[in-house]
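Report on the structure given below.
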Amino acid sequence: MRQVVVDTEATGLEWRKGNRVVEIGCLELVERRPSGRTYHQYLKPDCVFEAGAQEVTGLTLEFLADKPRFDEVVDDFLAF
């Protein structure tokens with residue numbers, strides 16, 4: 001059985017307020033054991049961080065400025 005564990009970081013907790021994902025990390029498990037395959041991507045959010053969210057993620061808008069937007073990596077993410 002193949003499973004994928006996914007972790008994300010975002011600009012805040014509420015998507016309705018315009019928050020966006022800024023980091024995606026995935027780990028593939030096969031028969032509940034790590035296969036060695038991973039996926040990692042930083043994303044440009046095109047919005048500001050909510051108060052406190054930047055402290056939690058440790059990321060800055062300056063660092064994310066040259067990263068791709070989600071629509072640019074979605075096909076690779078889904079293929080993983």
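Numbering starts fresh at 1 for the residues of each chain in the structure tokens, the chains themselves are lettered A, B, ... in the order given, and ligands are numbered from 1 as they appear.
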
Practice task
Once DSSP has gone over the backbone, tell me which residues of chain A are in strand (DSSP E or B), as a PyMOL selection string.
Solution key: chain A and resi 2-10+21-30+33-42

Could those residues be written to a file, using N, CA and C atoms, as a short mmCIF file (atom, residue, chain, number, x, y, z; two decimals), in the first residue's frame?
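Listed below is the output, again_7.cif:
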data_model
loop_
_atom_site.label_atom_id
_atom_site.label_comp_id
_atom_site.auth_asym_id
_atom_site.auth_seq_id
_atom_site.Cartn_x
_atom_site.Cartn_y
_atom_site.Cartn_z
N ARG A 2 0.56 2.21 -0.82
CA ARG A 2 1.29 3.48 -0.89
C ARG A 2 0.50 4.54 -0.15
N GLN A 3 1.19 5.28 0.70
CA GLN A 3 0.61 6.42 1.40
C GLN A 3 1.55 7.60 1.24
N VAL A 4 0.98 8.79 1.26
CA VAL A 4 1.79 10.01 1.20
C VAL A 4 1.40 10.88 2.39
N VAL A 5 2.39 11.20 3.20
CA VAL A 5 2.21 12.09 4.34
C VAL A 5 2.51 13.50 3.85
N VAL A 6 1.58 14.43 4.07
CA VAL A 6 1.71 15.79 3.57
C VAL A 6 1.72 16.77 4.74
N ASP A 7 2.64 17.74 4.67
CA ASP A 7 2.69 18.82 5.65
C ASP A 7 2.77 20.13 4.89
N THR A 8 2.07 21.13 5.37
CA THR A 8 2.08 22.44 4.71
C THR A 8 2.32 23.54 5.73
N GLU A 9 2.82 24.65 5.25
CA GLU A 9 2.91 25.89 6.01
C GLU A 9 2.16 26.93 5.21
N ALA A 10 1.57 27.90 5.89
CA ALA A 10 0.75 28.90 5.20
C ALA A 10 0.93 30.27 5.82
N VAL A 21 -0.83 28.82 0.92
CA VAL A 21 0.22 27.87 1.28
C VAL A 21 1.56 28.42 0.80
N VAL A 22 2.59 28.34 1.65
CA VAL A 22 3.92 28.82 1.29
C VAL A 22 4.95 27.69 1.25
N GLU A 23 4.60 26.52 1.78
CA GLU A 23 5.53 25.39 1.76
C GLU A 23 4.75 24.08 1.76
N ILE A 24 5.18 23.14 0.91
CA ILE A 24 4.60 21.81 0.86
C ILE A 24 5.73 20.81 1.05
N GLY A 25 5.51 19.86 1.95
CA GLY A 25 6.46 18.78 2.13
C GLY A 25 5.72 17.45 2.14
N CYS A 26 6.24 16.47 1.40
CA CYS A 26 5.59 15.16 1.33
C CYS A 26 6.62 14.05 1.51
N LEU A 27 6.18 12.98 2.13
CA LEU A 27 7.00 11.79 2.34
C LEU A 27 6.19 10.59 1.90
N GLU A 28 6.75 9.79 1.02
CA GLU A 28 6.06 8.59 0.55
C GLU A 28 6.36 7.41 1.47
N LEU A 29 5.29 6.70 1.83
CA LEU A 29 5.41 5.46 2.59
C LEU A 29 4.91 4.31 1.72
N VAL A 30 5.64 3.21 1.71
CA VAL A 30 5.19 2.00 1.03
C VAL A 30 5.16 0.91 2.09
N ARG A 33 6.36 2.13 5.47
CA ARG A 33 7.77 2.42 5.67
C ARG A 33 8.21 3.48 4.65
N PRO A 34 9.08 4.41 5.07
CA PRO A 34 9.55 5.42 4.13
C PRO A 34 10.24 4.78 2.93
N SER A 35 9.86 5.22 1.74
CA SER A 35 10.43 4.67 0.51
C SER A 35 11.68 5.41 0.08
N GLY A 36 11.91 6.58 0.67
CA GLY A 36 13.02 7.43 0.25
C GLY A 36 12.60 8.52 -0.71
N ARG A 37 11.38 8.45 -1.22
CA ARG A 37 10.87 9.49 -2.12
C ARG A 37 10.24 10.61 -1.31
N THR A 38 10.61 11.83 -1.66
CA THR A 38 10.04 13.01 -1.00
C THR A 38 9.71 14.06 -2.05
N TYR A 39 8.89 15.00 -1.62
CA TYR A 39 8.57 16.17 -2.45
C TYR A 39 8.63 17.37 -1.52
N HIS A 40 9.30 18.42 -1.97
CA HIS A 40 9.37 19.64 -1.17
C HIS A 40 9.33 20.84 -2.10
N GLN A 41 8.54 21.85 -1.73
CA GLN A 41 8.45 23.05 -2.56
C GLN A 41 8.07 24.24 -1.70
N TYR A 42 8.83 25.34 -1.85
CA TYR A 42 8.43 26.63 -1.32
C TYR A 42 7.59 27.32 -2.39
#

Exercise for the section: Please provide the set of residues having any atom within 10 Å of Asn19 (chain A), restricted to only C-alpha atoms, with same-chain residues fewer than 5 positions apart removed, written as a PyMOL selection string. Expected result: chain A and resi 10-14+45-50

Dump N, CA and C atoms for the selected residues as a PDB file, in the first residue's frame?
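Generated output (part-v2.pdb):
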ATOM      1  N   ALA A  10       1.573  27.899   5.892  1.00  0.00           N
ATOM      2  CA  ALA A  10       0.754  28.896   5.205  1.00  0.00           C
ATOM      3  C   ALA A  10       0.927  30.271   5.822  1.00  0.00           C
ATOM      4  N   THR A  11       0.367  31.263   5.152  1.00  0.00           N
ATOM      5  CA  THR A  11       0.442  32.644   5.630  1.00  0.00           C
ATOM      6  C   THR A  11      -0.523  32.906   6.780  1.00  0.00           C
ATOM      7  N   GLY A  12      -1.387  31.960   7.068  1.00  0.00           N
ATOM      8  CA  GLY A  12      -2.360  32.060   8.152  1.00  0.00           C
ATOM      9  C   GLY A  12      -3.259  30.845   8.113  1.00  0.00           C
ATOM     10  N   LEU A  13      -4.202  30.795   9.018  1.00  0.00           N
ATOM     11  CA  LEU A  13      -5.040  29.609   9.148  1.00  0.00           C
ATOM     12  C   LEU A  13      -6.327  29.629   8.340  1.00  0.00           C
ATOM     13  N   GLU A  14      -6.766  30.794   7.899  1.00  0.00           N
ATOM     14  CA  GLU A  14      -8.095  30.912   7.288  1.00  0.00           C
ATOM     15  C   GLU A  14      -7.992  31.266   5.808  1.00  0.00           C
ATOM     16  N   PRO A  45       3.407  33.351  -2.147  1.00  0.00           N
ATOM     17  CA  PRO A  45       1.991  33.428  -1.791  1.00  0.00           C
ATOM     18  C   PRO A  45       1.217  34.590  -2.408  1.00  0.00           C
ATOM     19  N   ASP A  46       1.881  35.654  -2.817  1.00  0.00           N
ATOM     20  CA  ASP A  46       1.196  36.854  -3.326  1.00  0.00           C
ATOM     21  C   ASP A  46       0.222  37.441  -2.306  1.00  0.00           C
ATOM     22  N   CYS A  47       0.560  37.300  -1.030  1.00  0.00           N
ATOM     23  CA  CYS A  47      -0.204  37.934   0.049  1.00  0.00           C
ATOM     24  C   CYS A  47       0.720  38.063   1.250  1.00  0.00           C
ATOM     25  N   VAL A  48       0.295  38.800   2.241  1.00  0.00           N
ATOM     26  CA  VAL A  48       1.115  38.977   3.448  1.00  0.00           C
ATOM     27  C   VAL A  48       0.790  37.901   4.476  1.00  0.00           C
ATOM     28  N   PHE A  49       1.703  37.701   5.421  1.00  0.00           N
ATOM     29  CA  PHE A  49       1.475  36.781   6.527  1.00  0.00           C
ATOM     30  C   PHE A  49       0.547  37.409   7.551  1.00  0.00           C
ATOM     31  N   GLU A  50      -0.326  36.613   8.154  1.00  0.00           N
ATOM     32  CA  GLU A  50      -1.094  37.075   9.306  1.00  0.00           C
ATOM     33  C   GLU A  50      -0.150  37.207  10.495  1.00  0.00           C
TER      34      GLU A  50
END

Exercise for the section: Using only C-alpha atoms, find the one residue out of A:Arg20, A:Lys44, A:Phe80, A:Val73 that sits nearest to Leu61 (chain A). Expected result: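 Residue with the minimum atom-to-atom distance to Leu61 (chain A): A:Lys44.
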
Practice task
Report the residues of chain A whose backbone DSSP state falls under alpha helix (DSSP H), written as a ChimeraX atom specification.
Solution key: /A:53-57,61-64,70-79

Selected residues written out, N, CA, C and O atoms, as a compact mmCIF listing (two decimals), in the first residue's frame:
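Wrote selection.txt, looks like this:
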# COMPACT_ATOMS: atom_id res chain seq x y z
N ALA A 53 1.96 34.16 12.06
CA ALA A 53 2.19 33.05 11.13
C ALA A 53 3.63 33.03 10.63
O ALA A 53 4.21 31.96 10.46
N GLN A 54 4.21 34.18 10.41
CA GLN A 54 5.59 34.24 9.95
C GLN A 54 6.53 33.70 11.01
O GLN A 54 7.51 33.01 10.70
N GLU A 55 6.23 33.96 12.27
CA GLU A 55 7.05 33.42 13.36
C GLU A 55 6.98 31.89 13.40
O GLU A 55 7.97 31.23 13.66
N VAL A 56 5.81 31.34 13.14
CA VAL A 56 5.63 29.89 13.16
C VAL A 56 6.38 29.23 12.02
O VAL A 56 7.07 28.23 12.20
N THR A 57 6.28 29.80 10.81
CA THR A 57 6.91 29.18 9.64
C THR A 57 8.40 29.47 9.56
O THR A 57 9.16 28.67 8.99
N LEU A 61 8.59 36.95 3.27
CA LEU A 61 8.15 37.27 1.91
C LEU A 61 9.35 37.51 1.00
O LEU A 61 9.30 37.19 -0.19
N GLU A 62 10.44 38.05 1.57
CA GLU A 62 11.64 38.27 0.78
C GLU A 62 12.21 36.94 0.29
O GLU A 62 12.61 36.81 -0.87
N PHE A 63 12.27 35.93 1.15
CA PHE A 63 12.77 34.61 0.77
C PHE A 63 11.87 33.97 -0.28
O PHE A 63 12.35 33.32 -1.21
N LEU A 64 10.56 34.15 -0.16
CA LEU A 64 9.60 33.52 -1.06
C LEU A 64 9.39 34.27 -2.37
O LEU A 64 8.75 33.75 -3.28
N PHE A 70 1.75 28.40 -6.81
CA PHE A 70 1.19 27.04 -6.76
C PHE A 70 0.78 26.55 -8.14
O PHE A 70 1.02 25.40 -8.50
N ASP A 71 0.16 27.42 -8.94
CA ASP A 71 -0.30 26.97 -10.26
C ASP A 71 0.86 26.55 -11.17
O ASP A 71 0.65 25.83 -12.15
N GLU A 72 2.08 26.95 -10.84
CA GLU A 72 3.25 26.57 -11.63
C GLU A 72 3.79 25.19 -11.25
O GLU A 72 4.54 24.59 -12.02
N VAL A 73 3.45 24.70 -10.06
CA VAL A 73 4.00 23.42 -9.59
C VAL A 73 2.93 22.37 -9.34
O VAL A 73 3.25 21.23 -8.99
N VAL A 74 1.68 22.72 -9.51
CA VAL A 74 0.59 21.81 -9.16
C VAL A 74 0.68 20.47 -9.89
O VAL A 74 0.42 19.42 -9.29
N ASP A 75 1.08 20.47 -11.15
CA ASP A 75 1.18 19.21 -11.90
C ASP A 75 2.26 18.30 -11.31
O ASP A 75 2.04 17.08 -11.16
N ASP A 76 3.42 18.87 -10.95
CA ASP A 76 4.47 18.06 -10.32
C ASP A 76 4.03 17.53 -8.96
O ASP A 76 4.30 16.39 -8.60
N PHE A 77 3.35 18.38 -8.19
CA PHE A 77 2.85 17.99 -6.88
C PHE A 77 1.87 16.82 -7.00
O PHE A 77 1.99 15.80 -6.31
N LEU A 78 0.91 16.93 -7.89
CA LEU A 78 -0.07 15.87 -8.08
C LEU A 78 0.56 14.59 -8.63
O LEU A 78 0.14 13.49 -8.30
N ALA A 79 1.57 14.74 -9.48
CA ALA A 79 2.25 13.57 -10.03
C ALA A 79 2.98 12.80 -8.94
O ALA A 79 3.09 11.57 -9.00
